[in-house]
Amino acid sequence: MISITELNRIKAEQEGIVAMRREGEAKIADLNAQGKNYKHHVLVCGGTGCTSSHSEDIIVAFNDEIKKNGLENDVCVVRTGCHGLCALGPIVIIYPEAAFYANMAIEHVPEIVTEHLVNGNIVTKYLYEKTVTPNGIISMHETDFYKKQNRVALRNCGVIDPENIDEYIGTGGYQALAKVLTEKTPDDVIQILLDSGLRGRGGAGFPTGRKWMFAKANKADQKYVCCNADEGDPGAFMDRSVLEGDPHVVLEAMAIAGYTIGSSQGYIYVRAEYPIAVQRLEIAIKQAREYGLLGDNILGTGFKFDIGLRLGAGAFVCGEETALMTSIEGHRGEPRPRPPFPAVKGLFERPTILNNVETWANIPQIIMRGPEWFASMGTEKSKGTKVFALGGKIQNTGLVEIPMGTTLREVVEEIGGGVPNGKKFKAAQTGGPSGGCIPASQMDVPMDYDNLIAIGSMMGSGGLIVMDEDNCMVDIAKFFLEFTVDESCGKCAPCRIGTRRMLEILDKITKGQATMDDLDRLEKLAAHLQKSSLCALGQTAPNPIISTLRYFRDEYIAHIVDKKCPAGVCKDLLQYTIDKDKCIGCGLCQRNCPGNAIVRTDYIAEGHKLASMEIDQTKCVKCGACMGNCKFKAISKQ
Amino acid sequence: MGADKKTVPFRGTEEQKQQLLQVIRELKDERGALMPILQKAQDIYGYLPIEVQTMISDETGIPLEKIYGVVTFYAQFSLYPKGKYAISVCLGTACYVKGSGDIYNKLCEKLGIEGGQCTPDGKFSLDACRCIGACGLAPVMTINGEVYGKLTVDKLDEILAKYE
């Protein structure tokens with residue numbers, strides 16, 4: 001078990017090394033003077049995105065090459081968490097120059113080692129192109145993607161080795177816990193959180209300080225602290241990145257909560273679909289126990305707190321707080337009616353607080369830097385920053401952390417680099433299956449909890465999926481309904497039956513079989529579900545329909561009245577046609593048609609030698625093979 | 001639910017049974033131990049047939065119907081064996097808007113099975129999953145945990161050939 005003095009000793013030893021990765025050149029000189037640093041740090045991203053593109057092999061390659069060149073004492077290779085710019089993975093950053101190598105391939109490693117690490121010349125051709133300017137190489141922090149970001153929750157992601165507790169301590173880790181245990185009363189902590197204005201990052205935005213205050217006020221023989229890491233919204237991966245890149249921050253914050261509300265046991269409920277996050281949490285918990293930062297008599301103060309890991313098993317509803325607790329108890333993850341709220345009767349019927357990963361990740365810094373610092377960021381009612389997972393039709397897919405109140409336009413056009421392939425932005429979806437879409441007309445609204453609700457979407461956990469003109473909004477609504485139908489736990493009738501009936505209507509619309517009466521019925525059902533479902537899953541299930549209807553009603557009407565899908569997505573409403581004047585009659589489409597639906601006409605267009613082709617609509621299966629094969633762009637779909 | 005899947009007989013070994021009993025002994029007294037026990041049991045057997053559920057019920061005293069209720073509630077627990085190569089296509093939003101639905105349909109067509117099923121030779125099974133968090137590589141699928149990103153329908157043959 002370590003004491004506070006030892007904690008400070010480790011911090012002093014490590015902080016320069018870690019700071020070098022933030023400040024670069026400025027720091028390395030005095031570290032070298034002390035003779036305790038490597039000349040170069042090679043940071044390789046080990047997040048899920050980059051691991052999926054084989055960053056592990058890159059690490060092996062670097063280690064091999066470093067050995068070959070006898071650089072073991074001069075260079076260290078560090079596997080970090082996510083750097084955010086997943087679209088360019090695998091990412092390697094070499095410090096102190098902060099050279100940002102993108103789309104790293106094993107074949108590039110020998111050259112980078114000999115040129116950069118041995119000879120000291122950055123290999124410009126492999127750098128992220130946006131860091132190379134006519135005036136020289138600029139830091140990644142000056143590129144459009146990073147410039148407007150402010151990394152608070154993601155502060156250590158991509159900077160430290162998540163499997164090394166000493167590096168976390170070097171960033172000031174566990175100092176907040178020490179401070180709270182020695183200098184603050186539980187009421188002080190609650191006051192700090194209230195003053196900071198921190199609201200839950202899981203989506204609903206409940207003030208964290210108030211949640212803790214309620215749980216502290218309730219007396220019980222045992223209370224629990226839970227972390228919601230069941231990040232189920234498809235397209236959201238900010239929690240995963242925090243767990244993979246900086247797992248100790250969650251443990252530290254949970255221990256602070258344990259002290260505040262009077263609990264000695266915490267649980268982290270994490271998705272089994274995140275194997276890397278699970279593994280790093282296991283390592284982090286083990287290391288924290290070894291250092292006595294979890295367990296009995298933490299930092300010699302007599303405070304006792306431990307954390308257990310519970311794995312989810314693929315049920316979206318378990319992200320709902322009461323369902324999550326039911327699942328930890330070992331039951332079907334069905335939600336319970338509230339009240340009683342978890343602060344009164346939660347896990348194992350004891351007072352419990354449950355916070356989301358990103359919420360936890362903010363807390364140690366709020367303690368260390370003060371509530372005023374946190375409250376200085378963001379908007380009037382939404383303080384701090386928010387992490388968004390940018391995905392879909394956007395140039396820079398990845399993770400961004402921006403102050404609350406940033407506009408969607410800034411996120412999509414500046415940070416995200418716009419919609420690729422010259423397509424037009426249509427809408428962005430936030431809040432996953434519980435959220436809604438933000439159309440182009442609302443792109444300049446500052447995004448915070450209240451504004452997003454006002455325009456018919458919600459913050460949600462932070463998935464932000466961009467859609468372009470090729471996405472059909474009715475199809476998107478149907479996609480989300482399919483999801484909720486699958487994931488509805490079946491306990492309450494409005495959700496179980498209502499979502500299925502709504503999906504059936506949407507299905508009819510996309511097949512061109514619906515009438516305007518169906519649309520009426522859909523809207524009525526949506527309103528019923530919002531009012532009568534037991535938990536948030538059912539109450540918010542109609543949101544994707546309501547918001548697409550609000551902004552894209554014309555698309556619904558086009559499907560119902562004109563029997564057309566304007567975006568060309570809904571197969572049943574598509575029609576492929578051949579422009580007889582563009583068709584040269586080569587017959588390639590005919591040979592590739594699986595349904596023998598293409599026949600030759602008598603018409604020979606001017607300047608062509610062969611008669612043009614035609615599609616027999618009664619036989620067409622709408623596979624698109626003809627259009628894909630036509631070299632003369634004579635076939636179109638609408 | 002194809003009836004063909006149910007005909008696969010249970011082939012648990014004594015060694016697997018001992019492993020399971022060991023897991024149950026270790027976890028039994030923890031509160032809410034059923035989920036971790038089921039997860040470990042699925043690691044041991046690859047799936048959770050009624051025979052395995054019965055063993056867990058006998059050892060823990062938890063009623064079989066409750067265990068069955070939990071197993072069928074969670075998507076990750078499977079009552080049927082998976083193929084030697086388990087394919088999982090992400091149908092999360094980010095992948096869906098980039099065409100993972102087409103990838104999934106094409107695989108159904110190529111393998112001649114539907115989601116949740118296994119090819120008759122036991123080689124491939126196909127499932128849809130919800131977001132594995134590699135949205136930067138969308139659309140993605142995994143085969144026995146190996147991630148294939150930035151997929152197009154044309155790449156599928158080449159990928160499947162690796163496993164033939």
# chains A, B, ... in the order shown; residues from 1 in each chain; ligands from 1
call {"tool": "select_by_dssp", "arguments": {"residues": "region 30-120 of chain B", "states": "helix (DSSP H, G or I)", "output": "VMD selection string"}}
result
chain B and resid 34 to 45 50 to 60 64 to 73 93 to 97 100 to 111
call {"tool": "select_by_dssp", "arguments": {"residues": "region 293-380 of chain A", "states": "strand (DSSP E or B)", "output": "ChimeraX atom specification"}}
result
/A:295-298,303-311,352-356,378
call {"tool": "write_last_selection", "arguments": {"atoms": "N, CA and C atoms", "output": "tab-separated table (two decimals), in the first residue's frame"}}
result
chain	number	residue	atom	x	y	z
A	295	GLY	N	-9.40	-0.89	-2.05
A	295	GLY	CA	-9.25	-1.87	-0.97
A	295	GLY	C	-9.42	-1.21	0.38
A	296	ASP	N	-8.86	-1.85	1.41
A	296	ASP	CA	-9.00	-1.30	2.77
A	296	ASP	C	-7.97	-0.19	2.99
A	297	ASN	N	-8.32	0.76	3.80
A	297	ASN	CA	-7.37	1.78	4.26
A	297	ASN	C	-6.63	2.45	3.09
A	298	ILE	N	-7.40	3.05	2.20
A	298	ILE	CA	-6.82	3.68	1.01
A	298	ILE	C	-5.94	4.88	1.40
A	303	PHE	N	-10.12	4.88	4.75
A	303	PHE	CA	-11.26	4.75	3.83
A	303	PHE	C	-11.15	3.45	3.04
A	304	LYS	N	-12.30	2.76	2.92
A	304	LYS	CA	-12.33	1.45	2.28
A	304	LYS	C	-13.25	1.48	1.07
A	305	PHE	N	-12.75	1.00	-0.07
A	305	PHE	CA	-13.59	0.99	-1.27
A	305	PHE	C	-13.00	0.02	-2.28
A	306	ASP	N	-13.86	-0.81	-2.85
A	306	ASP	CA	-13.39	-1.71	-3.90
A	306	ASP	C	-14.37	-1.70	-5.07
A	307	ILE	N	-13.89	-2.17	-6.21
A	307	ILE	CA	-14.71	-2.15	-7.44
A	307	ILE	C	-14.74	-3.52	-8.09
A	308	GLY	N	-15.92	-3.97	-8.46
A	308	GLY	CA	-16.07	-5.23	-9.20
A	308	GLY	C	-16.49	-4.94	-10.63
A	309	LEU	N	-16.11	-5.83	-11.52
A	309	LEU	CA	-16.44	-5.66	-12.93
A	309	LEU	C	-17.58	-6.60	-13.29
A	310	ARG	N	-18.61	-6.09	-13.96
A	310	ARG	CA	-19.68	-6.96	-14.44
A	310	ARG	C	-19.82	-6.76	-15.94
A	311	LEU	N	-19.90	-7.85	-16.67
A	311	LEU	CA	-20.00	-7.76	-18.12
A	311	LEU	C	-21.45	-7.85	-18.59
A	352	THR	N	-28.13	3.82	-4.34
A	352	THR	CA	-27.09	3.61	-5.35
A	352	THR	C	-26.98	4.84	-6.22
A	353	ILE	N	-25.74	5.19	-6.59
A	353	ILE	CA	-25.61	6.18	-7.66
A	353	ILE	C	-25.01	5.51	-8.88
A	354	LEU	N	-25.51	5.95	-10.01
A	354	LEU	CA	-25.04	5.39	-11.27
A	354	LEU	C	-24.67	6.56	-12.17
A	355	ASN	N	-23.42	6.59	-12.61
A	355	ASN	CA	-23.01	7.62	-13.56
A	355	ASN	C	-22.35	6.99	-14.76
A	356	ASN	N	-22.40	7.75	-15.83
A	356	ASN	CA	-21.84	7.28	-17.09
A	356	ASN	C	-20.32	7.52	-17.12
A	378	GLY	N	-18.59	26.13	-21.81
A	378	GLY	CA	-19.95	25.71	-22.14
A	378	GLY	C	-20.95	26.84	-22.16
call {"tool": "residues_around", "arguments": {"residues": "Ala94 (chain B)", "least_positions_apart": "4", "cutoff": "8 Å", "atoms": "only C-alpha atoms", "output": "list in words"}}
result
Pro234, Gly235, Gly391, Gly392 and Ile465 of chain A; Lys98, Cys135, Ala138 and Pro139 of chain B
call {"tool": "write_last_selection", "arguments": {"atoms": "C-alpha atoms", "output": "compact mmCIF listing (two decimals), in the first residue's frame"}}
result
# COMPACT_ATOMS: atom_id res chain seq x y z
CA PRO A 234 -24.96 2.25 -32.16
CA GLY A 235 -22.42 4.72 -33.43
CA GLY A 391 -19.47 8.83 -37.90
CA GLY A 392 -21.34 8.22 -41.11
CA ILE A 465 -23.96 10.29 -37.41
CA LYS B 98 -22.41 3.23 -45.17
CA CYS B 135 -17.11 3.29 -36.58
CA ALA B 138 -17.39 1.49 -41.26
CA PRO B 139 -18.79 -0.75 -42.59
call {"tool": "residues_around", "arguments": {"residues": "region 431-442 of chain A", "least_positions_apart": "4", "cutoff": "9 Å", "atoms": "only C-alpha atoms", "output": "MDAnalysis selection string"}}
result
(chainID A and resid 203 232:236 408:409 425:427 452:453 455:465 477 479:481 483:484 536:548 551:552) or (chainID B and resid 93)
call {"tool": "closest_residue", "arguments": {"among": "B:Gly99, B:Gly61, B:Gly116, B:Pro9", "to": "chain A", "atoms": "only C-alpha atoms"}}
result
B:Gly99
call {"tool": "closest_residue", "arguments": {"among": "A:Gly346, A:Gly330, A:Gly49, A:Gly170", "to": "Leu38 (chain B)", "atoms": "only C-alpha atoms"}}
result
A:Gly330
call {"tool": "residues_around", "arguments": {"residues": "Ile56 (chain B)", "least_positions_apart": "4", "cutoff": "9 Å", "atoms": "only C-alpha atoms", "output": "list in words"}}
result
Leu20, Leu21, Ile24, Leu34, Ile37, Leu38, Ala41, Glu51, Val52, Thr60, Gly61, Ile62, Leu64 and Ile67 of chain B
call {"tool": "write_last_selection", "arguments": {"atoms": "C-alpha atoms", "output": "JSON list (two decimals), in the first residue's frame"}}
result
[["chain", "number", "residue", "atom", "x", "y", "z"],
["B", 20, "LEU", "CA", -17.68, -25.57, -15.28],
["B", 21, "LEU", "CA", -17.99, -27.01, -11.78],
["B", 24, "ILE", "CA", -19.45, -22.41, -10.22],
["B", 34, "LEU", "CA", -25.56, -16.04, -12.47],
["B", 37, "ILE", "CA", -21.31, -18.06, -14.46],
["B", 38, "LEU", "CA", -23.24, -18.12, -17.74],
["B", 41, "ALA", "CA", -19.95, -21.47, -19.23],
["B", 51, "GLU", "CA", -27.80, -29.65, -20.70],
["B", 52, "VAL", "CA", -25.38, -26.97, -19.53],
["B", 60, "THR", "CA", -26.41, -23.35, -7.79],
["B", 61, "GLY", "CA", -29.97, -24.18, -6.84],
["B", 62, "ILE", "CA", -31.25, -21.46, -9.17],
["B", 64, "LEU", "CA", -33.89, -23.89, -14.48],
["B", 67, "ILE", "CA", -31.75, -19.58, -15.97]]
